[in-house]
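> Next comes the structure file structure_14.pdb, holding PDB, C-alpha atoms and all ligand atoms.
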ATOM      1  CA  MET A   1      81.235 102.448 131.429
ATOM      2  CA  GLY A   2      82.545 105.555 129.706
ATOM      3  CA  LEU A   3      80.510 108.174 127.917
ATOM      4  CA  GLY A   4      77.041 106.995 127.023
ATOM      5  CA  ALA A   5      77.261 108.913 123.790
ATOM      6  CA  ALA A   6      79.819 106.353 122.664
ATOM      7  CA  ALA A   7      77.014 103.810 122.787
ATOM      8  CA  GLY A   8      74.989 105.888 120.436
ATOM      9  CA  ALA A   9      74.565 103.580 117.514
ATOM     10  CA  VAL A  10      71.148 105.190 117.334
ATOM     11  CA  LEU A  11      70.055 103.893 114.005
ATOM     12  CA  VAL A  12      72.145 102.338 111.321
ATOM     13  CA  ALA A  13      70.679 101.517 107.953
ATOM     14  CA  LEU A  14      72.878 100.080 105.289
ATOM     15  CA  VAL A  15      71.477  99.689 101.838
ATOM     16  CA  ALA A  16      73.636  97.619  99.571
ATOM     17  CA  LEU A  17      72.734  98.248  95.975
ATOM     18  CA  GLY A  18      74.740  95.486  94.356
ATOM     19  CA  ALA A  19      77.160  97.750  92.565
ATOM     20  CA  ALA A  20      76.433 101.453  92.114
ATOM     21  CA  PRO A  21      74.308 101.450  88.973
ATOM     22  CA  ALA A  22      75.725 103.113  85.888
ATOM     23  CA  ALA A  23      73.555 105.787  84.310
ATOM     24  CA  GLY A  24      70.465 104.158  82.836
ATOM     25  CA  ALA A  25      71.323 100.683  84.145
ATOM     26  CA  GLU A  26      68.686  98.658  86.031
ATOM     27  CA  LEU A  27      69.270  97.852  89.718
ATOM     28  CA  SER A  28      70.044  94.180  90.230
ATOM     29  CA  GLY A  29      68.330  94.249  93.659
ATOM     30  CA  VAL A  30      67.961  96.123  96.955
ATOM     31  CA  PHE A  31      69.231  94.581 100.194
ATOM     32  CA  GLN A  32      68.602  96.346 103.483
ATOM     33  CA  GLU A  33      70.309  95.724 106.832
ATOM     34  CA  LEU A  34      68.728  97.779 109.607
ATOM     35  CA  GLY A  35      69.875  98.159 113.212
ATOM     36  CA  THR A  36      67.852 100.109 115.783
ATOM     37  CA  SER A  37      68.343 101.079 119.427
ATOM     38  CA  GLU A  38      65.234 101.940 121.449
ATOM     39  CA  CYS A  39      64.838 103.352 124.956
ATOM     40  CA  TYR A  40      61.527 103.044 126.830
ATOM     41  CA  PHE A  41      61.036 105.345 129.829
ATOM     42  CA  THR A  42      58.373 104.890 132.503
ATOM     43  CA  ASN A  43      57.858 107.647 135.073
ATOM     44  CA  GLY A  44      60.881 109.655 133.964
ATOM     45  CA  THR A  45      63.977 107.489 134.321
ATOM     46  CA  GLU A  46      62.590 105.401 137.163
ATOM     47  CA  LYS A  47      62.033 102.391 134.914
ATOM     48  CA  VAL A  48      64.057 102.104 131.696
ATOM     49  CA  ARG A  49      64.178  99.389 129.052
ATOM     50  CA  PHE A  50      66.716  99.172 126.224
ATOM     51  CA  VAL A  51      65.962  97.220 123.037
ATOM     52  CA  GLU A  52      68.344  96.626 120.138
ATOM     53  CA  ARG A  53      67.001  95.081 116.915
ATOM     54  CA  TYR A  54      68.681  93.647 113.829
ATOM     55  CA  ILE A  55      66.512  93.472 110.734
ATOM     56  CA  TYR A  56      67.339  92.186 107.259
ATOM     57  CA  ASN A  57      64.908  92.963 104.433
ATOM     58  CA  ARG A  58      62.178  93.814 106.976
ATOM     59  CA  GLU A  59      62.635  90.576 108.895
ATOM     60  CA  GLN A  60      63.876  90.899 112.478
ATOM     61  CA  TYR A  61      66.398  88.121 113.055
ATOM     62  CA  LEU A  62      68.137  89.213 116.274
ATOM     63  CA  MET A  63      67.241  91.253 119.328
ATOM     64  CA  PHE A  64      68.686  92.334 122.645
ATOM     65  CA  ASP A  65      66.126  93.326 125.315
ATOM     66  CA  SER A  66      67.411  94.613 128.667
ATOM     67  CA  ASP A  67      64.384  93.035 130.383
ATOM     68  CA  VAL A  68      65.618  89.651 129.083
ATOM     69  CA  GLY A  69      69.316  90.398 129.566
ATOM     70  CA  GLU A  70      70.680  88.572 126.527
ATOM     71  CA  TYR A  71      70.387  88.235 122.760
ATOM     72  CA  VAL A  72      67.580  86.181 121.202
ATOM     73  CA  GLY A  73      67.657  84.933 117.595
ATOM     74  CA  PHE A  74      64.585  84.496 115.385
ATOM     75  CA  ASN A  75      66.070  82.503 112.507
ATOM     76  CA  PRO A  76      69.104  80.196 112.171
ATOM     77  CA  TYR A  77      71.429  83.123 111.334
ATOM     78  CA  GLY A  78      70.081  85.127 114.274
ATOM     79  CA  GLU A  79      70.373  82.178 116.633
ATOM     80  CA  LYS A  80      73.958  81.595 115.587
ATOM     81  CA  ASN A  81      74.794  85.249 116.305
ATOM     82  CA  ALA A  82      72.863  85.265 119.607
ATOM     83  CA  LYS A  83      74.937  82.314 120.817
ATOM     84  CA  ARG A  84      78.197  83.976 119.754
ATOM     85  CA  LEU A  85      77.341  87.367 121.310
ATOM     86  CA  ASN A  86      75.925  85.928 124.557
ATOM     87  CA  SER A  87      79.147  84.004 125.180
ATOM     88  CA  ASP A  88      81.171  87.236 125.336
ATOM     89  CA  PRO A  89      80.918  88.404 129.000
ATOM     90  CA  GLU A  90      82.561  91.761 128.398
ATOM     91  CA  ARG A  91      80.158  92.651 125.584
ATOM     92  CA  MET A  92      77.150  91.514 127.607
ATOM     93  CA  GLU A  93      78.184  93.618 130.595
ATOM     94  CA  TYR A  94      78.400  96.609 128.251
ATOM     95  CA  LYS A  95      74.976  95.894 126.674
ATOM     96  CA  ARG A  96      73.288  95.474 130.053
ATOM     97  CA  GLY A  97      74.761  98.818 131.115
ATOM     98  CA  LEU A  98      73.204 100.683 128.174
ATOM     99  CA  VAL A  99      69.989 101.447 130.147
ATOM    100  CA  ASP A 100      72.248 103.825 132.114
ATOM    101  CA  THR A 101      75.090 104.799 129.775
ATOM    102  CA  TYR A 102      72.890 105.294 126.710
ATOM    103  CA  CYS A 103      69.209 105.685 127.737
ATOM    104  CA  ARG A 104      69.414 107.576 131.029
ATOM    105  CA  HIS A 105      72.385 109.571 129.730
ATOM    106  CA  ASN A 106      70.499 110.747 126.647
ATOM    107  CA  TYR A 107      67.255 111.352 128.573
ATOM    108  CA  ARG A 108      68.984 114.152 130.496
ATOM    109  CA  ILE A 109      70.171 115.694 127.224
ATOM    110  CA  VAL A 110      66.946 115.547 125.191
ATOM    111  CA  THR A 111      64.419 116.164 127.995
ATOM    112  CA  PRO A 112      64.526 120.007 127.844
ATOM    113  CA  PHE A 113      63.290 120.041 124.235
ATOM    114  CA  SER A 114      61.087 116.914 124.233
ATOM    115  CA  VAL A 115      59.542 115.869 127.558
ATOM    116  CA  GLU A 116      59.543 119.461 128.836
ATOM    117  CA  ARG A 117      58.601 121.085 125.516
ATOM    118  CA  ARG A 118      55.606 123.447 125.927
ATOM    119  CA  VAL A 119      54.166 125.567 123.129
ATOM    120  CA  PRO A 120      51.074 127.645 123.996
ATOM    121  CA  PRO A 121      48.178 127.575 121.507
ATOM    122  CA  SER A 122      47.013 130.578 119.522
ATOM    123  CA  VAL A 123      43.245 130.826 119.973
ATOM    124  CA  SER A 124      40.743 132.716 117.802
ATOM    125  CA  ILE A 125      36.997 132.754 117.239
ATOM    126  CA  SER A 126      35.484 133.139 113.790
ATOM    127  CA  LEU A 127      31.955 133.173 112.414
ATOM    128  CA  VAL A 128      31.741 130.614 109.650
ATOM    129  CA  PRO A 129      28.853 130.456 107.212
ATOM    130  CA  SER A 130      26.698 127.363 107.542
ATOM    131  CA  SER A 131      25.822 125.896 104.168
ATOM    132  CA  SER A 132      23.288 123.394 105.500
ATOM    133  CA  GLN A 133      21.354 125.679 107.848
ATOM    134  CA  PRO A 134      20.112 129.255 107.517
ATOM    135  CA  GLY A 135      21.024 132.064 109.888
ATOM    136  CA  PRO A 136      24.065 134.095 110.722
ATOM    137  CA  GLY A 137      26.446 131.114 110.688
ATOM    138  CA  ARG A 138      28.235 129.161 113.387
ATOM    139  CA  LEU A 139      31.021 130.013 115.817
ATOM    140  CA  LEU A 140      34.325 128.206 115.377
ATOM    141  CA  CYS A 141      37.136 128.220 117.907
ATOM    142  CA  SER A 142      40.519 127.567 116.270
ATOM    143  CA  VAL A 143      43.199 126.328 118.659
ATOM    144  CA  LEU A 144      46.451 126.193 116.728
ATOM    145  CA  ASP A 145      50.123 125.238 117.063
ATOM    146  CA  PHE A 146      50.324 123.856 120.598
ATOM    147  CA  TYR A 147      52.453 121.149 122.252
ATOM    148  CA  PRO A 148      52.004 118.639 123.850
ATOM    149  CA  ALA A 149      48.718 117.143 122.613
ATOM    150  CA  PRO A 150      46.549 116.984 125.789
ATOM    151  CA  ILE A 151      44.212 119.989 125.836
ATOM    152  CA  GLN A 152      40.731 121.023 126.969
ATOM    153  CA  VAL A 153      38.565 123.469 125.031
ATOM    154  CA  ARG A 154      35.188 124.672 126.333
ATOM    155  CA  TRP A 155      32.481 126.973 124.972
ATOM    156  CA  PHE A 156      30.528 129.325 127.248
ATOM    157  CA  GLN A 157      27.425 131.436 126.599
ATOM    158  CA  GLY A 158      27.698 134.161 129.221
ATOM    159  CA  GLN A 159      28.676 132.245 132.380
ATOM    160  CA  GLN A 160      27.040 129.018 131.298
ATOM    161  CA  GLU A 161      29.067 126.213 129.784
ATOM    162  CA  LEU A 162      27.706 124.770 126.556
ATOM    163  CA  SER A 163      28.556 121.092 126.643
ATOM    164  CA  GLU A 164      25.897 119.991 124.194
ATOM    165  CA  HIS A 165      25.869 121.069 120.546
ATOM    166  CA  VAL A 166      29.656 121.274 120.560
ATOM    167  CA  VAL A 167      31.628 119.261 118.008
ATOM    168  CA  ALA A 168      35.402 119.041 117.827
ATOM    169  CA  THR A 169      37.909 117.613 115.393
ATOM    170  CA  ASP A 170      40.522 115.172 116.628
ATOM    171  CA  VAL A 171      43.739 116.708 117.881
ATOM    172  CA  VAL A 172      45.625 116.822 114.570
ATOM    173  CA  PRO A 173      49.450 116.711 114.379
ATOM    174  CA  ASN A 174      50.972 119.420 112.166
ATOM    175  CA  GLY A 175      54.183 117.554 111.366
ATOM    176  CA  ASP A 176      56.371 120.176 113.072
ATOM    177  CA  TRP A 177      55.969 118.955 116.666
ATOM    178  CA  THR A 178      52.772 120.932 117.203
ATOM    179  CA  TYR A 179      49.063 120.074 117.136
ATOM    180  CA  GLN A 180      45.816 121.825 116.268
ATOM    181  CA  LEU A 181      42.133 121.477 117.110
ATOM    182  CA  LEU A 182      38.908 123.096 115.880
ATOM    183  CA  VAL A 183      35.803 123.256 118.097
ATOM    184  CA  LEU A 184      32.481 124.256 116.532
ATOM    185  CA  LEU A 185      29.355 125.492 118.263
ATOM    186  CA  GLU A 186      26.457 123.892 116.404
ATOM    187  CA  THR A 187      23.818 126.395 117.541
ATOM    188  CA  PRO A 188      23.683 129.837 115.898
ATOM    189  CA  PRO A 189      24.927 132.715 118.081
ATOM    190  CA  ARG A 190      22.278 135.095 119.448
ATOM    191  CA  ARG A 191      22.463 138.867 119.520
ATOM    192  CA  GLY A 192      23.292 140.475 122.864
ATOM    193  CA  LEU A 193      25.036 137.422 124.323
ATOM    194  CA  THR A 194      28.773 136.995 124.871
ATOM    195  CA  TYR A 195      30.373 133.752 123.740
ATOM    196  CA  THR A 196      33.649 132.534 125.216
ATOM    197  CA  CYS A 197      36.080 129.884 124.044
ATOM    198  CA  GLN A 198      38.205 128.747 126.981
ATOM    199  CA  VAL A 199      41.394 126.699 126.604
ATOM    200  CA  GLU A 200      43.305 124.798 129.270
ATOM    201  CA  HIS A 201      46.757 123.481 128.355
ATOM    202  CA  GLY A 202      50.014 122.464 130.060
ATOM    203  CA  SER A 203      51.773 125.498 128.568
ATOM    204  CA  LEU A 204      49.352 127.935 130.246
ATOM    205  CA  GLU A 205      49.460 128.991 133.895
ATOM    206  CA  GLN A 206      45.758 129.845 133.756
ATOM    207  CA  PRO A 207      42.993 129.162 131.237
ATOM    208  CA  LEU A 208      43.099 131.286 128.091
ATOM    209  CA  SER A 209      39.787 132.879 127.022
ATOM    210  CA  ARG A 210      38.601 134.539 123.831
ATOM    211  CA  HIS A 211      35.272 136.390 123.696
ATOM    212  CA  TRP A 212      32.858 137.049 120.841
ATOM    213  CA  GLU A 213      29.721 139.160 120.431
ATOM    214  CA  MET A 214      27.467 139.663 117.463
ATOM    215  CA  PRO A 215      28.532 142.932 115.793
ATOM    216  CA  PRO A 216      25.780 145.578 115.404
ATOM    217  CA  ASP A 217      23.775 144.860 112.258
ATOM    218  CA  ALA A 218      24.203 146.968 109.140
ATOM    219  CA  ALA A 219      20.839 148.872 109.268
ATOM    220  CA  ARG A 220      21.355 149.927 112.879
ATOM    221  CA  SER A 221      24.944 151.002 112.293
ATOM    222  CA  LYS A 222      23.863 153.061 109.228
ATOM    223  CA  MET A 223      21.241 154.830 111.332
ATOM    224  CA  LEU A 224      23.857 155.608 114.015
ATOM    225  CA  THR A 225      26.196 156.990 111.322
ATOM    226  CA  GLY A 226      23.372 159.208 110.049
ATOM    227  CA  ILE A 227      22.595 160.570 113.515
ATOM    228  CA  GLY A 228      26.300 161.226 114.103
ATOM    229  CA  GLY A 229      26.544 163.097 110.790
ATOM    230  CA  PHE A 230      23.487 165.195 111.613
ATOM    231  CA  VAL A 231      24.869 166.187 115.032
ATOM    232  CA  LEU A 232      28.289 167.058 113.563
ATOM    233  CA  GLY A 233      26.659 169.055 110.738
ATOM    234  CA  SER A 234      24.509 170.985 113.222
ATOM    235  CA  VAL A 235      27.570 171.916 115.304
ATOM    236  CA  PHE A 236      29.372 173.312 112.252
ATOM    237  CA  LEU A 237      26.256 175.136 111.124
ATOM    238  CA  ALA A 238      25.919 176.787 114.544
ATOM    239  CA  LEU A 239      29.607 177.763 114.579
ATOM    240  CA  GLY A 240      29.414 179.199 111.067
ATOM    241  CA  LEU A 241      26.303 181.137 111.896
ATOM    242  CA  GLY A 242      27.959 182.488 115.058
ATOM    243  CA  PHE A 243      31.005 183.755 113.128
ATOM    244  CA  TYR A 244      28.772 185.280 110.455
ATOM    245  CA  LEU A 245      26.643 187.200 112.948
ATOM    246  CA  ARG A 246      29.694 188.415 114.935
ATOM    247  CA  LYS A 247      31.394 189.695 111.779
ATOM    248  CA  LYS A 248      28.214 191.385 110.668
ATOM    249  CA  SER A 249      27.658 193.184 113.973
ATOM    250  CA  SER A 250      31.310 194.391 114.300
TER     251      SER A 250
HETATM  252  C1  LIG B 301      57.652 107.991 140.006
HETATM  253  O1  LIG B 301      58.959 108.135 140.462
HETATM  254  C2  LIG B 301      59.113 108.855 141.675
HETATM  255  C3  LIG B 301      60.583 108.960 141.955
HETATM  256  O2  LIG B 301      61.247 109.516 140.865
HETATM  257  C4  LIG B 301      58.362 108.134 142.782
HETATM  258  O3  LIG B 301      58.438 108.877 143.982
HETATM  259  C5  LIG B 301      56.909 107.953 142.392
HETATM  260  O4  LIG B 301      56.242 107.169 143.358
HETATM  261  C6  LIG B 301      56.814 107.264 141.028
HETATM  262  N1  LIG B 301      55.427 107.232 140.587
HETATM  263  C7  LIG B 301      54.830 106.130 140.146
HETATM  264  C8  LIG B 301      53.418 106.278 139.693
HETATM  265  O5  LIG B 301      55.381 105.064 140.115
END
Represent the supplied structure as structure tokens.

Amino acid sequence: MGLGAAAGAVLVALVALGAAPAAGAELSGVFQELGTSECYFTNGTEKVRFVERYIYNREQYLMFDSDVGEYVGFNPYGEKNAKRLNSDPERMEYKRGLVDTYCRHNYRIVTPFSVERRVPPSVSISLVPSSSQPGPGRLLCSVLDFYPAPIQVRWFQGQQELSEHVVATDVVPNGDWTYQLLVLLETPPRRGLTYTCQVEHGSLEQPLSRHWEMPPDAARSKMLTGIGGFVLGSVFLALGLGFYLRKKSS
């Protein structure tokens, strides 16, 4: 058979609206004829199945399935057409060839941006306030905008994996061919410990890690600022005094 693209009646939907309605006029009815072509791939292109469906007003009346090898009708109109189409050897040879000329042909074309599509996640840790429990809040690992869906996210406290007290959302599709996932640590973080969110994904050659530590608390950091200011002030005082005494003695 020639170019598979020629077989590309991918999806044809015809909506006949009686006559085009004049402005303000009511539609007399909506009639929909839908034709679809589907390709099912198992283990790459090792096993391929082609299915063509004919649907009128949501009712499928005719179907070609490459596993069956001929048309099957589901109502009297479909049966009539199945008989007519199946008795045309040239057409049937063409339809049976579509697993190669249409499905396998298009698989090669679309694979680089579908089957082989890899988008690495962006990973960040944030401290979210907990409304139900007191304390400093809870640690949330946001894993955003990755593809494909399979992913593994783990929390560590130091070197130790925290498998309990970890809750995750489902992997949520974003509607732009990416997914996202949030993983919450249910226990409050403790001062002096390092927390790590580790992500494994098909887009990453090695696991991606983000670390988090409790920032120094406000009182301690104010004291450190005060000590720093005192030291700096003392240095300037000493310098000033030095200049003053030198000037005075000269
Ligand atoms: C998948 O196909 C390859 C050839 O493309 C074959 O070697 C392999 O055994 C197949 N795997 C399975 C699970 O059928």
> Of the candidates A:Ser234, A:Ser124, A:Ser142, A:Asn106, which shows the shortest atom-to-atom distance to Ala168 in chain A, using only C-alpha atoms?
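The closest residue to Ala168 in chain A is A:Ser142.
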> Figure out the distance between CA of Ile151 in chain A and CA of Trp212 in chain A, please, to one decimal in Å.
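Those two atoms sit 21.1 Å apart.
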> Selected by the PyMOL selection byres (((chain A and resi 197) around 7) and not hetatm) in the shown coordinates: which residues, as a compact mmCIF listing (two decimals) with C-alpha atoms, in the coordinates of the input?

# COMPACT_ATOMS: atom_id res chain seq x y z
CA CYS A 141 37.14 128.22 117.91
CA VAL A 153 38.56 123.47 125.03
CA ARG A 154 35.19 124.67 126.33
CA TRP A 155 32.48 126.97 124.97
CA PHE A 156 30.53 129.32 127.25
CA TYR A 195 30.37 133.75 123.74
CA THR A 196 33.65 132.53 125.22
CA GLN A 198 38.20 128.75 126.98
CA VAL A 199 41.39 126.70 126.60
CA SER A 209 39.79 132.88 127.02
CA ARG A 210 38.60 134.54 123.83
CA HIS A 211 35.27 136.39 123.70
> Give me, please, the distance in Å between CA of Leu193 in chain A and CA of Gln152 in chain A, quoted to one decimal.
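Answer for the CA of Leu193 in chain A to CA of Gln152 in chain A separation: 22.9 Å.
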> Residues at most 12 Å from Pro173 in chain A, counting only C-alpha atoms, excluding those fewer than 6 positions away in the same chain, as a list in words?
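What passes the distance filter is Leu144, Asp145, Phe146, Tyr147, Pro148, Ala149, Pro150, Tyr179, Gln180 and Leu181 of chain A.
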> Could you tell me, counting only C-alpha atoms and all ligand atoms, which protein and nucleic acid residues lie no more than 12 Å from ligand LIG 301 (chain B), written as a PyMOL selection string?
chain A and resi 41-48
> Applied to the shown file, which residues does the PyMOL selection byres (((chain A and resi 91) around 12) and not hetatm) return, written as a CSV table (one decimal) with C-alpha atoms, keeping the file's coordinate frame?

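Wrote it out as selection36.csv, contents follow:
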chain,number,residue,atom,x,y,z
A,1,MET,CA,81.2,102.4,131.4
A,7,ALA,CA,77.0,103.8,122.8
A,64,PHE,CA,68.7,92.3,122.6
A,69,GLY,CA,69.3,90.4,129.6
A,70,GLU,CA,70.7,88.6,126.5
A,71,TYR,CA,70.4,88.2,122.8
A,82,ALA,CA,72.9,85.3,119.6
A,84,ARG,CA,78.2,84.0,119.8
A,85,LEU,CA,77.3,87.4,121.3
A,86,ASN,CA,75.9,85.9,124.6
A,87,SER,CA,79.1,84.0,125.2
A,88,ASP,CA,81.2,87.2,125.3
A,89,PRO,CA,80.9,88.4,129.0
A,90,GLU,CA,82.6,91.8,128.4
A,92,MET,CA,77.2,91.5,127.6
A,93,GLU,CA,78.2,93.6,130.6
A,94,TYR,CA,78.4,96.6,128.3
A,95,LYS,CA,75.0,95.9,126.7
A,96,ARG,CA,73.3,95.5,130.1
A,97,GLY,CA,74.8,98.8,131.1
A,98,LEU,CA,73.2,100.7,128.2
> Check the smallest atom-to-atom distance from each of A:Glu52, A:Glu59, A:Glu79, A:Glu116 to Ser203 in chain A using all atoms listed in the file, then report the winner.
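Among A:Glu52, A:Glu59, A:Glu79, A:Glu116, it is A:Glu116 that comes nearest to Ser203 in chain A.
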> Mind telling me what the PyMOL selection byres (((chain A and resi 127) around 6) and not hetatm) catches here, as a list of chain:residue names?
A:Ser126, A:Val128, A:Arg138, A:Leu139
> So how many Å separate CA of Tyr77 in chain A and CA of Gln60 in chain A, to one decimal?
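Separation between CA of Tyr77 in chain A and CA of Gln60 in chain A: 10.9 Å.
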> With distances taken over all atoms listed in the file, which of A:Thr169, A:Gly242, A:Arg49, A:Ile55 is nearest to Asp67 in chain A?
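When distances to Asp67 in chain A are compared using all atoms listed in the file, the smallest one comes from A:Arg49.
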> With all atoms listed in the file as the basis for distance, which of A:Thr101, A:Thr187, A:Gln206, A:Ser66 is at the shortest distance from Tyr40 in chain A?
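Ranking A:Thr101, A:Thr187, A:Gln206, A:Ser66 by distance to Tyr40 in chain A, first place goes to A:Ser66.
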> I want to know what sits within 6 Å of Thr194 in chain A, based on all atoms listed in the file, with residues of the same chain fewer than 6 positions away left out; could you give that as a list in words?
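Final neighbour list, sorted by chain and number: Gln157, Gly158, Trp212 and Glu213 of chain A.
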> Show which residues sit within 7 Å of range 159-166 of chain A, as number ranges by chain. Count only C-alpha atoms, and ignore same-chain residues fewer than 6 positions away.
A: 183-187
> Would you please work out which residue, of A:Ser114, A:Ser132, A:Asn174, A:Ser37, is nearest to Asp65 in chain A when using only C-alpha atoms?
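For Asp65 in chain A, the nearest of the candidates is A:Ser37.
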